[in-house]
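Data from query23.tsv: TSV, C-alpha atoms and all ligand atoms
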```tsv
chain	number	residue	atom	x	y	z
Q	185	MET	CA	138.58	69.47	-95.77
Q	186	GLU	CA	141.10	67.22	-94.16
Q	187	LYS	CA	142.38	67.71	-90.66
Q	188	ILE	CA	145.36	66.24	-88.85
Q	189	ILE	CA	145.77	66.18	-85.10
Q	190	ASN	CA	149.15	65.17	-83.79
Q	191	VAL	CA	149.21	63.34	-80.48
Q	192	LYS	CA	152.46	63.08	-78.53
Q	193	ILE	CA	152.52	60.77	-75.54
Q	194	LEU	CA	155.86	60.29	-73.78
Q	195	ASN	CA	158.26	59.24	-76.54
Q	196	LYS	CA	155.54	58.08	-78.96
Q	197	SER	CA	153.60	60.21	-81.36
Q	198	TYR	CA	150.89	59.50	-83.88
Q	199	SER	CA	148.37	61.30	-86.04
Q	200	ILE	CA	144.61	61.38	-86.04
Q	201	LEU	CA	143.44	62.00	-89.60
Q	202	ILE	CA	139.94	63.26	-90.38
Q	203	GLY	CA	138.52	63.43	-93.88
Q	204	LYS	CA	136.45	61.82	-96.59
Q	205	ASN	CA	137.57	58.85	-98.71
Q	206	TYR	CA	140.73	58.61	-96.60
Q	207	LEU	CA	140.78	54.84	-96.81
Q	208	LYS	CA	141.70	55.17	-100.49
Q	209	LYS	CA	145.03	56.58	-99.30
Q	210	ILE	CA	145.72	53.82	-96.82
Q	211	LYS	CA	148.49	52.27	-98.94
Q	212	LEU	CA	150.40	55.57	-98.95
Q	213	LEU	CA	149.81	56.06	-95.24
Q	214	PHE	CA	151.17	52.59	-94.48
Q	215	LYS	CA	154.30	53.41	-96.49
Q	216	ASP	CA	154.64	56.79	-94.88
Q	217	LYS	CA	154.39	55.37	-91.34
Q	218	ASN	CA	156.58	52.40	-92.21
Q	219	LEU	CA	153.87	49.95	-91.19
Q	220	SER	CA	154.07	46.28	-92.06
Q	221	GLN	CA	151.86	45.24	-94.97
Q	222	ASN	CA	151.08	41.94	-93.29
Q	223	ILE	CA	147.65	43.11	-92.26
Q	224	PHE	CA	145.13	41.55	-89.93
Q	225	ILE	CA	141.78	43.38	-89.94
Q	226	VAL	CA	139.32	43.14	-87.07
Q	227	THR	CA	135.99	44.56	-88.18
Q	228	ASP	CA	132.34	44.83	-87.27
Q	229	LYS	CA	129.51	42.82	-88.80
Q	230	ASN	CA	127.45	45.86	-89.83
Q	231	VAL	CA	130.41	47.90	-91.04
Q	232	TYR	CA	131.47	45.01	-93.24
Q	233	LYS	CA	127.94	44.54	-94.52
Q	234	TYR	CA	127.74	48.16	-95.74
Q	235	HIS	CA	131.35	48.77	-96.73
Q	236	LYS	CA	132.73	45.38	-97.78
Q	237	ASP	CA	133.87	46.46	-101.25
Q	238	TYR	CA	135.38	49.72	-100.02
Q	239	ILE	CA	137.39	47.87	-97.38
Q	240	ASN	CA	138.49	45.01	-99.64
Q	241	ARG	CA	139.56	47.33	-102.45
Q	242	SER	CA	141.46	49.66	-100.14
Q	243	PHE	CA	143.53	46.82	-98.67
Q	244	GLU	CA	144.36	45.11	-101.97
Q	245	PHE	CA	147.93	46.38	-101.58
Q	246	ALA	CA	148.56	44.14	-98.52
Q	247	LYS	CA	151.27	41.51	-98.83
Q	248	LYS	CA	149.28	39.25	-96.58
Q	249	LEU	CA	145.70	39.91	-95.49
Q	250	GLN	CA	143.29	38.28	-93.10
Q	251	LEU	CA	139.99	39.57	-91.81
Q	252	VAL	CA	137.89	38.63	-88.83
Q	253	ILE	CA	134.32	39.86	-88.38
Q	254	ILE	CA	132.85	40.42	-84.93
Q	255	ASP	CA	129.27	41.00	-83.89
Q	256	SER	CA	129.69	44.15	-81.77
Q	257	THR	CA	127.83	43.42	-78.55
Q	258	GLU	CA	129.05	43.96	-75.00
Q	259	LYS	CA	128.53	40.19	-74.47
Q	260	ASN	CA	131.11	39.51	-77.18
Q	261	LYS	CA	133.56	42.05	-75.78
Q	262	ASN	CA	135.37	39.38	-73.82
Q	263	LEU	CA	138.45	37.19	-73.63
Q	264	MET	CA	136.79	34.49	-75.75
Q	265	THR	CA	136.68	36.89	-78.69
Q	266	VAL	CA	140.27	37.88	-77.96
Q	267	GLU	CA	141.27	34.19	-77.95
Q	268	LYS	CA	139.49	33.66	-81.25
Q	269	ILE	CA	141.57	36.47	-82.79
Q	270	TYR	CA	144.83	35.15	-81.26
Q	271	SER	CA	144.02	31.71	-82.73
Q	272	GLU	CA	143.48	33.17	-86.20
Q	273	LEU	CA	146.73	35.12	-85.94
Q	274	ILE	CA	148.69	32.03	-84.92
Q	275	LYS	CA	146.97	29.67	-87.35
Q	276	ASN	CA	147.82	32.01	-90.23
Q	277	ASN	CA	151.41	32.60	-89.11
Q	278	PHE	CA	151.17	36.28	-88.36
Q	279	GLY	CA	154.40	37.30	-86.64
Q	280	ARG	CA	155.72	40.43	-84.96
Q	281	ASP	CA	155.75	42.18	-88.33
Q	282	THR	CA	151.96	42.42	-88.43
Q	283	THR	CA	149.72	45.46	-88.38
Q	284	ILE	CA	146.37	44.98	-86.70
Q	285	VAL	CA	143.69	47.25	-88.17
Q	286	GLY	CA	140.46	47.79	-86.24
Q	287	ILE	CA	137.56	49.01	-88.39
Q	288	GLY	CA	134.44	49.61	-86.32
Q	289	GLY	CA	132.96	51.39	-83.34
Q	290	GLY	CA	134.48	51.71	-79.88
Q	291	LEU	CA	133.87	48.08	-79.19
Q	292	ILE	CA	135.97	46.84	-82.11
Q	293	GLY	CA	138.62	49.48	-81.36
Q	294	ASP	CA	138.93	48.35	-77.73
Q	295	ILE	CA	139.18	44.64	-78.62
Q	296	ALA	CA	141.52	45.06	-81.60
Q	297	ALA	CA	143.80	47.41	-79.66
Q	298	TYR	CA	143.91	44.98	-76.74
Q	299	VAL	CA	144.94	42.17	-79.07
Q	300	ALA	CA	147.58	44.42	-80.68
Q	301	SER	CA	148.94	45.39	-77.28
Q	302	SER	CA	149.29	41.80	-76.08
Q	303	TYR	CA	150.03	39.64	-79.13
Q	304	MET	CA	153.76	38.89	-79.16
Q	305	ARG	CA	154.20	41.60	-76.50
Q	306	GLY	CA	152.74	44.28	-78.72
Q	307	ILE	CA	152.45	44.83	-82.46
Q	308	SER	CA	151.41	47.87	-84.53
Q	309	PHE	CA	147.82	49.01	-84.41
Q	310	VAL	CA	145.81	51.22	-86.75
Q	311	ASN	CA	142.37	52.36	-85.62
Q	312	ILE	CA	139.65	53.22	-88.13
Q	313	PRO	CA	136.65	54.39	-86.07
Q	314	THR	CA	133.27	54.09	-87.79
Q	315	THR	CA	130.90	55.50	-85.15
Q	316	LEU	CA	130.71	59.11	-84.00
Q	317	LEU	CA	131.38	57.93	-80.46
Q	318	ALA	CA	134.55	56.13	-81.47
Q	319	ALA	CA	135.67	59.08	-83.62
Q	320	VAL	CA	135.26	61.70	-80.91
Q	321	ASP	CA	136.23	59.58	-77.93
Q	322	ALA	CA	137.07	55.86	-77.91
Q	323	SER	CA	139.74	55.96	-80.64
Q	324	ILE	CA	141.78	58.58	-78.78
Q	325	GLY	CA	143.82	58.07	-75.65
Q	326	GLY	CA	145.06	54.51	-75.86
Q	327	LYS	CA	142.67	52.74	-73.49
Q	328	THR	CA	142.09	49.17	-74.64
Q	329	GLY	CA	140.09	46.42	-73.05
Q	330	VAL	CA	137.40	43.82	-72.69
Q	331	ASN	CA	134.73	42.95	-70.13
Q	332	PHE	CA	135.28	40.15	-67.63
Q	333	SER	CA	133.10	38.62	-64.95
Q	334	ASN	CA	130.33	41.08	-65.77
Q	335	ILE	CA	132.60	44.06	-65.15
Q	336	LYS	CA	133.01	46.43	-68.06
Q	337	ASN	CA	136.53	47.01	-69.40
Q	338	ILE	CA	138.13	45.50	-66.28
Q	339	ILE	CA	140.85	43.76	-68.35
Q	340	GLY	CA	142.87	46.13	-70.49
Q	341	THR	CA	146.00	48.07	-71.22
Q	342	PHE	CA	147.15	51.52	-72.28
Q	343	TYR	CA	148.43	51.18	-75.82
Q	344	GLN	CA	148.76	53.96	-78.35
Q	345	PRO	CA	147.96	53.31	-82.02
Q	346	ALA	CA	150.34	54.04	-84.88
Q	347	LEU	CA	147.56	55.91	-86.67
Q	348	VAL	CA	143.88	56.83	-86.29
Q	349	LEU	CA	142.02	57.29	-89.53
Q	350	ASN	CA	138.56	58.88	-89.62
Q	351	ASP	CA	136.86	58.43	-92.96
Q	352	SER	CA	133.39	59.98	-93.04
Q	353	VAL	CA	132.35	57.50	-95.74
Q	354	PHE	CA	131.70	55.03	-92.90
Q	355	LEU	CA	129.41	57.43	-91.05
Q	356	SER	CA	126.98	57.43	-94.00
Q	357	SER	CA	125.54	54.10	-92.80
Q	358	LEU	CA	125.51	54.92	-89.09
Q	359	PRO	CA	122.02	54.62	-87.54
Q	360	GLU	CA	120.59	57.81	-86.00
Q	361	LYS	CA	120.60	56.35	-82.48
Q	362	GLU	CA	124.32	55.66	-82.75
Q	363	TYR	CA	124.90	59.22	-83.96
Q	364	LEU	CA	123.01	60.58	-80.95
Q	365	SER	CA	125.11	58.40	-78.70
Q	366	GLY	CA	128.25	60.08	-80.08
Q	367	LEU	CA	126.70	63.47	-79.39
Q	368	GLY	CA	126.56	62.53	-75.68
Q	369	GLU	CA	130.35	62.63	-75.59
Q	370	VAL	CA	130.37	65.88	-77.59
Q	371	LEU	CA	128.11	67.34	-74.89
Q	372	LYS	CA	130.79	66.34	-72.37
Q	373	TYR	CA	133.41	68.32	-74.31
Q	374	LYS	CA	131.14	71.36	-74.25
Q	375	PHE	CA	130.97	71.14	-70.45
Q	376	ILE	CA	134.70	70.72	-70.04
Q	377	THR	CA	135.64	73.48	-72.50
Q	378	HIS	CA	133.24	76.37	-73.13
Q	379	LYS	CA	129.58	77.11	-73.76
Q	380	SER	CA	130.07	78.04	-77.40
Q	381	PHE	CA	131.71	74.66	-78.17
Q	382	ALA	CA	129.65	72.68	-80.72
Q	383	ASP	CA	126.76	75.11	-81.20
Q	384	SER	CA	123.48	74.02	-82.78
Q	385	ALA	CA	124.63	74.88	-86.32
Q	386	LEU	CA	127.72	72.72	-86.01
Q	387	LEU	CA	125.76	69.82	-84.53
Q	388	LYS	CA	123.56	69.71	-87.60
Q	389	ASN	CA	125.85	70.64	-90.45
Q	390	ASN	CA	129.42	69.59	-90.21
Q	391	VAL	CA	130.27	66.22	-88.74
Q	392	GLN	CA	133.90	66.34	-89.83
Q	393	GLU	CA	134.47	69.62	-88.04
Q	394	LEU	CA	132.63	68.29	-85.01
Q	395	ILE	CA	134.96	65.29	-84.92
Q	396	GLY	CA	138.03	67.49	-85.41
Q	397	LEU	CA	137.13	69.83	-82.56
Q	398	SER	CA	136.13	67.02	-80.21
Q	399	ALA	CA	139.16	64.88	-80.99
Q	400	SER	CA	141.43	67.88	-80.33
Q	401	VAL	CA	139.93	68.38	-76.88
Q	402	LYS	CA	140.43	64.74	-75.93
Q	403	ALA	CA	143.91	64.56	-77.49
Q	404	ASN	CA	145.05	67.63	-75.57
Q	405	ILE	CA	143.87	66.13	-72.30
Q	406	VAL	CA	145.40	62.68	-72.79
Q	407	MET	CA	148.70	64.21	-73.86
Q	408	LEU	CA	148.92	65.86	-70.45
Q	409	ASP	CA	147.76	62.87	-68.41
Q	410	GLU	CA	147.85	59.57	-70.30
Q	411	LYS	CA	147.24	57.31	-67.30
Q	412	GLU	CA	144.37	59.30	-65.75
Q	413	LEU	CA	146.27	60.31	-62.64
Q	414	SER	CA	144.57	63.71	-62.43
Q	415	LEU	CA	143.44	65.96	-65.32
Q	416	ARG	CA	142.15	63.09	-67.50
Q	417	LYS	CA	139.50	62.44	-64.85
Q	418	VAL	CA	137.51	65.38	-66.28
Q	419	LEU	CA	136.69	63.04	-69.16
Q	420	ASN	CA	134.68	60.99	-66.68
Q	421	LEU	CA	132.13	63.77	-66.33
Q	422	GLY	CA	128.70	62.11	-66.25
Q	423	HIS	CA	130.27	58.64	-66.43
Q	424	THR	CA	129.77	57.54	-62.81
Q	425	PHE	CA	126.03	57.90	-63.30
Q	426	ALA	CA	126.22	56.69	-66.91
Q	427	HIS	CA	127.89	53.35	-66.13
Q	428	ALA	CA	125.28	52.65	-63.46
Q	429	PHE	CA	122.41	53.60	-65.82
Q	430	GLU	CA	123.86	51.25	-68.44
Q	431	SER	CA	124.08	48.35	-65.94
Q	432	VAL	CA	120.60	48.91	-64.51
Q	433	LEU	CA	119.13	49.03	-68.00
Q	434	ASP	CA	121.10	45.96	-69.05
Q	435	PHE	CA	122.95	47.96	-71.73
Q	436	LYS	CA	119.70	48.73	-73.56
Q	437	ILE	CA	120.71	52.40	-73.34
Q	438	LYS	CA	123.55	53.51	-75.62
Q	439	HIS	CA	126.75	54.62	-73.87
Q	440	GLY	CA	126.73	58.24	-75.08
Q	441	VAL	CA	123.02	58.58	-74.34
Q	442	ALA	CA	123.72	57.37	-70.80
Q	443	VAL	CA	126.55	59.93	-70.62
Q	444	ALA	CA	124.12	62.73	-71.53
Q	445	ALA	CA	121.80	61.49	-68.75
Q	446	GLY	CA	124.81	61.29	-66.44
Q	447	ILE	CA	125.88	64.87	-67.20
Q	448	THR	CA	122.32	66.00	-66.45
Q	449	ALA	CA	122.33	64.09	-63.15
Q	450	ALA	CA	125.75	65.57	-62.30
Q	451	SER	CA	124.36	69.07	-63.00
Q	452	TYR	CA	121.45	68.46	-60.60
Q	453	LEU	CA	123.86	67.07	-58.03
Q	454	SER	CA	126.03	70.20	-58.28
Q	455	ARG	CA	122.92	72.25	-57.53
Q	456	LEU	CA	121.73	70.03	-54.66
Q	457	GLU	CA	125.20	70.21	-53.12
Q	458	ASN	CA	125.01	74.01	-53.44
Q	459	LEU	CA	128.01	74.16	-55.73
Q	460	ILE	CA	126.06	76.12	-58.37
Q	461	SER	CA	123.14	78.54	-58.46
Q	462	GLU	CA	119.66	77.79	-59.79
Q	463	LYS	CA	120.46	80.12	-62.70
Q	464	LYS	CA	123.56	78.12	-63.64
Q	465	LEU	CA	121.59	74.87	-63.45
Q	466	ILE	CA	118.99	76.25	-65.86
Q	467	GLU	CA	121.78	77.36	-68.22
Q	468	PHE	CA	123.21	73.83	-68.10
Q	469	LEU	CA	119.81	72.22	-68.75
Q	470	ASN	CA	119.18	74.56	-71.70
Q	471	GLU	CA	122.41	73.54	-73.38
Q	472	ILE	CA	121.69	69.85	-72.73
Q	473	SER	CA	118.23	70.21	-74.35
Q	474	LYS	CA	119.81	71.56	-77.55
Q	475	PHE	CA	121.46	68.18	-78.14
Q	476	ASN	CA	118.06	66.47	-78.50
Q	477	ILE	CA	119.18	63.34	-76.73
Q	478	HIS	CA	116.32	61.56	-74.97
Q	479	PRO	CA	117.45	58.93	-72.49
Q	480	GLN	CA	114.66	56.60	-71.36
Q	481	LEU	CA	115.14	56.24	-67.65
Q	482	LYS	CA	111.71	55.31	-66.40
Q	483	ASN	CA	112.84	51.81	-65.37
Q	484	VAL	CA	115.79	53.13	-63.42
Q	485	ASP	CA	115.67	52.47	-59.70
Q	486	GLU	CA	117.56	55.12	-57.70
Q	487	GLU	CA	118.75	52.81	-54.91
Q	488	GLU	CA	120.01	50.25	-57.42
Q	489	VAL	CA	121.90	52.95	-59.29
Q	490	TYR	CA	123.43	54.11	-56.03
Q	491	SER	CA	124.70	50.65	-55.06
Q	492	LEU	CA	126.08	50.08	-58.53
Q	493	MET	CA	127.98	53.35	-58.33
Q	494	LEU	CA	129.44	52.24	-55.00
Q	495	SER	CA	130.82	49.09	-56.62
Q	496	ASP	CA	132.31	50.97	-59.62
Q	497	LYS	CA	135.97	50.00	-60.07
Q	498	LYS	CA	137.02	53.65	-59.79
Q	499	ASN	CA	135.72	53.97	-56.22
Q	500	ARG	CA	137.85	52.84	-53.36
Q	501	ASP	CA	136.99	53.01	-49.65
Q	502	GLU	CA	133.23	52.66	-50.23
Q	503	LYS	CA	133.06	56.27	-51.36
Q	504	ILE	CA	131.72	57.49	-54.68
Q	505	LYS	CA	133.93	60.08	-56.29
Q	506	PHE	CA	131.95	62.38	-58.55
Q	507	VAL	CA	133.13	64.64	-61.34
Q	508	LEU	CA	130.81	67.65	-61.18
Q	509	PRO	CA	130.29	70.72	-63.39
Q	510	ILE	CA	130.59	74.12	-61.76
Q	511	ASP	CA	130.57	76.09	-65.00
Q	512	PHE	CA	131.45	75.47	-68.64
Q	513	GLY	CA	135.18	74.87	-68.51
Q	514	LYS	CA	135.16	74.42	-64.75
Q	515	ILE	CA	134.86	70.91	-63.38
Q	516	ILE	CA	135.59	69.56	-59.93
Q	517	LEU	CA	137.05	66.10	-59.41
Q	518	ASP	CA	136.76	63.48	-56.65
Q	519	TYR	CA	133.74	65.09	-55.03
Q	520	GLU	CA	131.97	63.09	-52.32
Q	521	ALA	CA	128.25	63.93	-52.21
Q	522	ALA	CA	125.54	63.17	-49.64
Q	523	LYS	CA	123.61	60.02	-50.53
Q	524	ILE	CA	120.24	61.78	-50.33
Q	525	ASN	CA	121.38	64.34	-52.91
Q	526	VAL	CA	122.62	61.62	-55.23
Q	527	ILE	CA	119.27	59.81	-54.98
Q	528	ASN	CA	117.38	63.06	-55.59
Q	529	SER	CA	119.52	63.99	-58.56
Q	530	ILE	CA	118.58	60.65	-60.17
Q	531	LYS	CA	114.89	61.35	-59.48
Q	532	LEU	CA	115.29	64.80	-61.06
Q	533	VAL	CA	117.03	63.52	-64.18
Q	534	LYS	CA	114.24	60.97	-64.67
Q	535	PHE	CA	111.72	63.79	-64.40
Q	536	PHE	CA	113.72	66.05	-66.75
Q	537	PHE	CA	113.72	63.51	-69.56
Q	538	GLY	CA	110.15	62.53	-68.73
Q	539	PRO	CA	108.18	59.41	-69.56
Q	540	VAL	CA	108.36	57.89	-73.03
Q	601	LIG	N1	138.78	53.18	-75.16
Q	601	LIG	C1	138.09	54.23	-74.77
Q	601	LIG	O1	138.63	55.26	-74.37
Q	601	LIG	C2	136.58	54.18	-74.86
Q	601	LIG	C3	135.83	55.36	-74.68
Q	601	LIG	C4	134.45	55.30	-74.82
Q	601	LIG	C5	133.83	54.08	-75.11
Q	601	LIG	N2	134.59	52.96	-75.26
Q	601	LIG	C6	133.96	51.67	-75.58
Q	601	LIG	O2	133.33	51.79	-76.84
Q	601	LIG	C7	132.22	50.91	-76.90
Q	601	LIG	C8	131.04	51.64	-77.50
Q	601	LIG	O3	131.41	52.09	-78.76
Q	601	LIG	P1	130.33	52.55	-79.85
Q	601	LIG	O4	129.34	53.43	-79.22
Q	601	LIG	O5	131.09	53.02	-81.01
Q	601	LIG	O6	129.53	51.22	-80.13
Q	601	LIG	P2	129.80	49.88	-80.96
Q	601	LIG	O7	131.20	49.73	-81.35
Q	601	LIG	O8	129.17	48.80	-80.14
Q	601	LIG	O9	128.91	50.12	-82.25
Q	601	LIG	C9	127.54	50.40	-82.11
Q	601	LIG	C10	126.71	49.77	-83.21
Q	601	LIG	O10	126.95	50.47	-84.42
Q	601	LIG	C11	127.24	49.56	-85.46
Q	601	LIG	N3	128.11	50.29	-86.38
Q	601	LIG	C12	129.36	50.73	-86.14
Q	601	LIG	N4	129.79	51.48	-87.15
Q	601	LIG	C13	128.80	51.50	-88.06
Q	601	LIG	C14	128.64	52.12	-89.33
Q	601	LIG	N5	129.57	52.92	-89.82
Q	601	LIG	N6	127.49	51.91	-90.01
Q	601	LIG	C15	126.52	51.11	-89.48
Q	601	LIG	N7	126.59	50.55	-88.29
Q	601	LIG	C16	127.71	50.74	-87.58
Q	601	LIG	C17	127.81	48.34	-84.79
Q	601	LIG	O11	127.59	47.19	-85.54
Q	601	LIG	C18	127.01	48.33	-83.49
Q	601	LIG	O12	125.80	47.65	-83.68
Q	601	LIG	C19	131.97	50.39	-75.51
Q	601	LIG	O13	132.37	49.06	-75.42
Q	601	LIG	C20	132.86	51.29	-74.64
Q	601	LIG	O14	133.35	50.62	-73.50
Q	601	LIG	C21	135.94	52.99	-75.15
```
Please express the file's structure as structure tokens.
Amino acid sequence: MEKIINVKILNKSYSILIGKNYLKKIKLLFKDKNLSQNIFIVTDKNVYKYHKDYINRSFEFAKKLQLVIIDSTEKNKNLMTVEKIYSELIKNNFGRDTTIVGIGGGLIGDIAAYVASSYMRGISFVNIPTTLLAAVDASIGGKTGVNFSNIKNIIGTFYQPALVLNDSVFLSSLPEKEYLSGLGEVLKYKFITHKSFADSALLKNNVQELIGLSASVKANIVMLDEKELSLRKVLNLGHTFAHAFESVLDFKIKHGVAVAAGITAASYLSRLENLISEKKLIEFLNEISKFNIHPQLKNVDEEEVYSLMLSDKKNRDEKIKFVLPIDFGKIILDYEAAKINVINSIKLVKFFFGPV
């Protein structure tokens, strides 16, 4: 079953396509969208290892084709990698009539989109997400970027793609831990929509439907608030904690896994701040357990997490602004909590997920 989600942002609109073997239709899609067939692919080392023939065959129609392979690590998500891509583009005479195609996880998508948004003041970009996390989250909404000076995604732009193409063929090689990381973001959509969203049966059986439902939630939110002035902030549920967990653990925890831990910490914080009842907290924790995500937080130091959250780029005036769950479908934004409750919610989340 194929699904199409149309995203309209200001005067631009594009489609998110979800299906199997979609890459085989890429030639038609390029024609349909009037995209230049001078194609520059930015892809991931592992994706290319598993899907080299599929990619090469699918892009045989290109008038001009160049491919650069990146080792997807946060250390490589920087301006040096961007420069390397600019150099290849210039060296091979790629002009304004070029389509950049990113084929990889969120990391490749963020870098390739940033290059597309800045090369010659912006050229067309097609995103082909190959991780669950990129499919349900990173490929939607137009945020691009790289890390700089040890700060994650501090350099970046908002730039909408011409097309997002989800082809489940790629997911066949995705390691289990990467799949679980994607589920962390799906858990977020459950909290911001309704309790019945992504029930256990769906989690196990139908990844395409899971992507379709999740992508629709994100698309609907970014259409209303592209630049994260208000509503889009709900998508940061669990992320204030998550970014700090990732830093403290030196990125040895996957992003979506850290988000699941962050949503759990946010649930405890809601309870400690008396925003929800004990019964509601238990209901939250039950739903979280069903996702079978097991963050390893034993080396997390509460005070260190707290100071990292204070220095998060989203916090001004030395105040941490939390996004907290009150109920499924009911989230409060910009909440300032007592430090002691924040520290205790981190202790509780460590206890909840237990020792290894
Ligand atoms: N722009 C946004 O809105 C947004 C949202 C969330 C996350 N992000 C960014 O996304 C990045 C994380 O993305 P991610 O979780 O997709 O990780 P990733 O892109 O780093 O990929 C994770 C790992 O999976 C491998 N991989 C990817 N696809 C594969 C496949 N099909 N088969 C086998 N291996 C595969 C990669 O080689 C890598 O080792 C972070 O840098 C984060 O900042 C951006």
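What separates atom CA of Q:Gly293 from atom CA of Q:Tyr270 is a distance of 15.6 Å.
Near (146.0, 37.3, -97.0), the residues inside the 12 Å limit, counting all atoms listed in the file, come to Gln221, Asn222, Ile223, Phe224, Ile225, Asn240, Phe243, Glu244, Phe245, Ala246, Lys247, Lys248, Leu249, Gln250, Leu251, Val252, Glu272, Leu273, Asn276, Asn277, Phe278 and Thr282 of chain Q.
Taking atom CA of Q:Gly279 and atom CA of Q:Tyr238 as endpoints, the distance between them is 26.4 Å.
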Hey, which of Q:Leu387, Q:Leu364, Q:Val310, Q:Ile477 ends up closest to Q:Ser220? Count only C-alpha atoms.
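For Q:Ser220, the nearest of the candidates is Q:Val310.
Nearest residue to ligand LIG 601 (chain Q), choosing from Q:Ala426, Q:Ile312, Q:Leu386, Q:Leu291 and counting all atoms listed in the file: Q:Leu291.
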Within 6 Å of ligand LIG 601 (chain Q) (all atoms listed in the file), residues as an NGL selection string:
:Q and (228-231 or 256-257 or 288-292 or 294 or 314-315 or 317-318 or 321-322 or 327-328 or 354-355 or 357-358)
Nearest-residue call for Q:Ser398, choices Q:Ala385, Q:Ile189, Q:Glu457, Q:Met493, using all atoms listed in the file
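Ranking Q:Ala385, Q:Ile189, Q:Glu457, Q:Met493 by distance to Q:Ser398, first place goes to Q:Ile189.
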Counting all atoms listed in the file, the residue of Q:Ala521, Q:Leu316, Q:Ile339, Q:Leu349 that sits nearest Q:Lys204
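Nearest to Q:Lys204: Q:Leu349.
When the distance limit is 10 Å and only C-alpha atoms are what count, the residues near Q:Val533, minus those fewer than 5 positions from it on the same chain, are Ala445, Gly446, Ile447, Thr448, Ala449, Ala450, Ser451, Tyr452, Leu453, Pro479, Leu481, Asn528 and Gly538 of chain Q.
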